[in-house]
Amino acid sequence: MSDAGGAAIEDYYLEERLFPPPEGFVDQAVVADPAIAEHAQRDVEGFWADQARALDWFDEWHTVLEWDLPFAKWFVGGTLNVSYNCLDRHVAAGLGDRVAIHWEGEPGDTRTITYSELLADVERFSNVLKGLGVRRGDRVAIYMPMIPELPVAMLACTRVGAPHSVVFGGFSPDALRDRIDDAQAKVLVTADGGWRRGSVVALKENADSALADTASIEHVVVARRTGESGGVTPMTEGRDHWWDEVMAGAEASCPPEHMDAEDLLYLLYTSGTTAKPKGIMHSTGGYLTQVAYTHRAVFDLHADRDVYWCAADIGWVTGHSYIVYGPLANGATSVMYEGTPDFPDKDRWWDIIERYGVTILYCAPTAIRTFMKWGNEFPERHDMSSLRVLGSVGEPINPEAWVWYWTHIGGGHCPVVDTWWQTETGAIMISPLPGVTTCKPGSATFPLPGIGAEVVDDAGEKVERGGGYLTLTRPWPSMLRGLYGDPERYRQTYWSRFEGRYFAGDGAKVDDDGYFWLLGRVDDVMNVSGHRISTAEVESSLVNHPSVAEAAVVGAKDDTTGQAIIAFVTLKAGQDETTEHGEDLRGHVARHIGSIARPRTVIFTDELPKTRSGKIMRRLLRDVAEGRDLGDTTTLADPRVVEEIRRLSTTRPTED
Ligand code: PRX
């Protein structure tokens, strides 16, 4: 394996200390029993059936697993409802007054929502959806900021059996339109705007431009968030409805649909190796079983006393599984925060932890590295003794950041769980178990009970010790059920590279003690701040610009964001290689896809290195990008870069 996109293997051996569960971490009833792992070893289907029994089913399944590679069906014949499991059953058990969500807006406004209140809102909004013609099986698109109406809309969809497709609020109108079109969504739920570092993101305006050329949306529901601060919100008569007005007119009670375990729960679009995002399909019963189980096991959740905070955005899979479905299925109390860590100041996160008494914190290495850079004084002036377990997700965490997290945030008394998983896996797959696993900083340690993971070489042979490709060896309940509308691409992308195995797209290494070390993507997918972006998508956006002849995009190592997007651009004849032009191209990509896809650097070059078959040699470009000190926003028309590319292309054997 030669082309891991992330850090090199050597980088992971800076820290060789072992970190056993901290002394005093005795609160480990959830997973400490070795019989659980033994059961998963001996009888994996029986193990998953036990986990499924932690949910409430209307009808029990007759078959745990039907496996016709690559198509799996879990808990066949079982029926359940996700919103019922996340809300009704807790209220019925007398937990209606428990706080489900401590919500905090960016400007500092707060809301406390109990399980009873959340259920009441969800029932009403379910009736709103029905009133707008949404029926079981219809798709609903959701494009919202991090406000409580977002989980309400998602749960209402699950209540009426309408799969949702949440589109991250930072995406552009084009990205929203493509996702609405692909899913043929009937209703869009959005908001007037969202807050971001003190200014308003005009979501409704974006939605309107997306809807200008889509036909499937019949109704739009608009929650009020930014109000007059965002100017007048345009509303289209007959199509657009204010959230509060339709809610006020809706019936209070809505019985949950009995859904089949295999019914589509939601679509979530993610970047692959082509310019077209893939609609990942998640099911109802298997998905909820595994997110609920992992949320209990990996975070050692004690729902009666923990205050859990996953600082992701619900627009990504982390938020779906570990802000909405896992915690609510388990009856947990969560913090949900609308804003960014540095607004209005660098104390915001630690202040939230202190005020709510957060016990479990789950975030991305990019955030941890940023906090490290800001300095210890910010966390140090807050009382964070409530913290018990710390989690990391989204990208490889470097040992320095891991040790800093353990020491300066966890105070040395909190286990750190580095959780590997993907949009496709739906739930955590490789992770330490707090109170059980001895950690090595930077390693995600071992596959969880019930999960089969192995590293293989180019020929698909298992690598006992050493580097290779990460594969999954057997189906798991929350696995994707396919790509929406494209079963063949599903088979091709995940199940064709290595026979009988799921190919994750990640490089990995198994060390002498059997620990797994994730090394980053081995395909043309970049990982910027834990967000997946395809090189092809950014390239296709660049070549859409009238001045661009050709573009090649690579992810280069970045100390804070893991990877940064570097674009090599060849302009059409007569175009000027100026800084302004580079800025214009960066802005073009941000408008076209979303600001997360804005290249950090644009480098003009009069030719791109290619193989004889015309394939761009990205590895070489990455070497060029990583070997040089490229500025943050600088756009270079740098003859030395071109020279370097030329030199490397002639001294390297051609890759085909
Ligand atoms: O490369 C791996 C990286 O993130 C990819 C999945 O991205 P996405 O589907 O957006 O989901 C992110 C949140 C689950 C993986 O293929 N990744 C995720 N978690 C880790 C990781 N890499 C290393 N260590 C992790 N803990």
# chains A, B, ... in the order shown; residues from 1 in each chain; ligands from 1
>>> select_by_dssp(residues="segment 478-512 of chain A", states="alpha helix (DSSP H)", output="NGL selection string")
:A and (487-495)
>>> residues_around(residues="Glu626 of chain A", least_positions_apart="3", cutoff="7 Å", atoms="only C-alpha atoms", output="ChimeraX atom specification")
/A:556-557,622-623
>>> select_by_dssp(residues="segment 201-367 of chain A", states="strand (DSSP E or B)", output="ChimeraX atom specification")
/A:201,219-223,240-242,259-260,264-270,278-283,307-310,333-337,360-363
>>> write_last_selection(atoms="C-alpha atoms", output="compact mmCIF listing (two decimals), in the first residue's frame")
# COMPACT_ATOMS: atom_id res chain seq x y z
CA VAL A 201 -26.62 32.53 6.48
CA HIS A 219 -44.27 22.35 -0.23
CA VAL A 220 -41.66 24.15 1.84
CA VAL A 221 -41.87 24.58 5.61
CA VAL A 222 -39.79 27.44 7.01
CA ALA A 223 -38.77 27.65 10.67
CA ASP A 240 -44.19 28.00 1.47
CA HIS A 241 -45.48 27.77 5.03
CA TRP A 242 -44.13 29.19 8.29
CA MET A 259 -42.34 0.21 9.74
CA ASP A 260 -40.59 -2.83 8.41
CA LEU A 264 -35.54 3.04 4.21
CA LEU A 265 -35.00 5.33 7.21
CA TYR A 266 -32.96 8.02 5.51
CA LEU A 267 -30.67 9.02 2.68
CA LEU A 268 -27.45 10.87 3.35
CA TYR A 269 -25.34 12.04 0.45
CA THR A 270 -21.60 11.65 0.71
CA LYS A 278 -23.73 9.04 -3.49
CA GLY A 279 -27.08 8.67 -1.72
CA ILE A 280 -26.23 6.32 1.16
CA MET A 281 -29.31 4.35 2.22
CA HIS A 282 -29.88 3.46 5.87
CA SER A 283 -32.48 1.06 7.14
CA VAL A 307 -24.88 14.81 30.06
CA TYR A 308 -23.65 13.99 26.61
CA TRP A 309 -22.38 16.43 24.01
CA CYS A 310 -21.56 15.51 20.45
CA THR A 333 -29.70 13.96 27.95
CA SER A 334 -27.74 15.82 25.27
CA VAL A 335 -26.34 19.25 24.67
CA MET A 336 -26.92 20.64 21.18
CA TYR A 337 -24.99 23.74 20.17
CA ILE A 360 -19.22 12.83 27.73
CA LEU A 361 -17.68 14.91 24.94
CA TYR A 362 -17.45 13.68 21.34
CA CYS A 363 -15.67 15.81 18.71
>>> residues_near_ligand(ligand="ligand 1", cutoff="8 Å", atoms="only C-alpha atoms and all ligand atoms", output="number ranges by chain")
A: 270, 316-318, 392-397, 418-424, 426-428, 430-431, 443-444, 504-506, 517-521, 527, 530-532
>>> atom_distance(atom1="atom CA of His408 of chain A", atom2="atom CA of Trp374 of chain A")
12.6 Å
>>> closest_residue(among="A:Val160, A:Leu119, A:Ala191, A:Val554", to="Tyr143 of chain A", atoms="only C-alpha atoms")
A:Ala191
>>> residues_around(residues="Glu377 of chain A", least_positions_apart="4", cutoff="12 Å", atoms="only C-alpha atoms", output="PyMOL selection string")
chain A and resi 346-347+350+371-373+381-382+408-409
>>> residues_around(residues="segment 341-344 of chain A", least_positions_apart="6", cutoff="8 Å", atoms="only C-alpha atoms", output="mmCIF file with C-alpha atoms, in the first residue's frame")
data_model
loop_
_atom_site.group_PDB
_atom_site.id
_atom_site.type_symbol
_atom_site.label_atom_id
_atom_site.label_comp_id
_atom_site.auth_asym_id
_atom_site.auth_seq_id
_atom_site.Cartn_x
_atom_site.Cartn_y
_atom_site.Cartn_z
ATOM 1 C CA GLU A 106 -24.927 30.891 18.860
ATOM 2 C CA ARG A 197 -20.051 33.769 13.682
ATOM 3 C CA GLY A 198 -22.489 36.576 14.249
#
>>> residues_around(residues="segment 89-94 of chain A", least_positions_apart="3", cutoff="8 Å", atoms="only C-alpha atoms", output="number ranges by chain")
A: 56, 84-86, 97, 115-116, 331
>>> closest_residue(among="A:Gly105, A:Pro415, A:Gly614, A:Gly555", to="Thr438 of chain A", atoms="only C-alpha atoms")
A:Pro415
>>> closest_residue(among="A:Leu620, A:Val389, A:Ala175, A:Val463", to="Glu644 of chain A", atoms="only C-alpha atoms")
A:Leu620
>>> closest_residue(among="A:Ala364, A:Pro22, A:His592, A:Val140", to="Asp313 of chain A", atoms="only C-alpha atoms")
A:Ala364
>>> residues_around(residues="Ala453 of chain A", least_positions_apart="6", cutoff="8 Å", atoms="only C-alpha atoms", output="list of chain:residue names")
A:Pro447, A:Leu470, A:Thr471, A:Leu472, A:Thr473
>>> residues_around(residues="Phe171 of chain A", least_positions_apart="5", cutoff="9 Å", atoms="only C-alpha atoms", output="tab-separated table (two decimals) with N, CA and C atoms, in the first residue's frame")
chain	number	residue	atom	x	y	z
A	143	TYR	N	-33.03	21.12	5.22
A	143	TYR	CA	-31.87	22.01	5.02
A	143	TYR	C	-31.95	23.07	6.10
A	176	LEU	N	-27.74	21.49	-2.90
A	176	LEU	CA	-29.07	21.17	-2.39
A	176	LEU	C	-29.96	20.68	-3.54
A	590	ALA	N	-16.50	27.59	-3.67
A	590	ALA	CA	-17.29	27.74	-2.44
A	590	ALA	C	-18.76	27.99	-2.77
A	591	ARG	N	-19.01	28.79	-3.79
A	591	ARG	CA	-20.40	29.06	-4.17
A	591	ARG	C	-21.04	27.84	-4.78
A	592	HIS	N	-20.26	27.10	-5.55
A	592	HIS	CA	-20.79	25.97	-6.30
A	592	HIS	C	-21.09	24.77	-5.40
A	593	ILE	N	-20.16	24.48	-4.47
A	593	ILE	CA	-20.34	23.29	-3.62
A	593	ILE	C	-20.69	23.68	-2.18
A	594	GLY	N	-19.94	24.63	-1.63
A	594	GLY	CA	-20.10	25.01	-0.23
A	594	GLY	C	-18.73	25.43	0.27
A	595	SER	N	-18.69	26.23	1.34
A	595	SER	CA	-17.36	26.77	1.70
A	595	SER	C	-16.40	25.70	2.20
A	596	ILE	N	-16.91	24.55	2.68
A	596	ILE	CA	-15.97	23.50	3.09
A	596	ILE	C	-15.11	23.01	1.93
>>> closest_residue(among="A:Ala567, A:Ala162, A:Ala54, A:Ala252", to="Arg136 of chain A", atoms="only C-alpha atoms")
A:Ala162
>>> atom_distance(atom1="atom CA of Lys130 of chain A", atom2="atom CA of Pro151 of chain A")
17.4 Å
>>> atom_distance(atom1="atom CA of Asp192 of chain A", atom2="atom CA of Met146 of chain A")
12.7 Å
>>> closest_residue(among="A:Val548, A:Thr289, A:Ser386, A:Asp513", to="Asp576 of chain A", atoms="only C-alpha atoms")
A:Val548
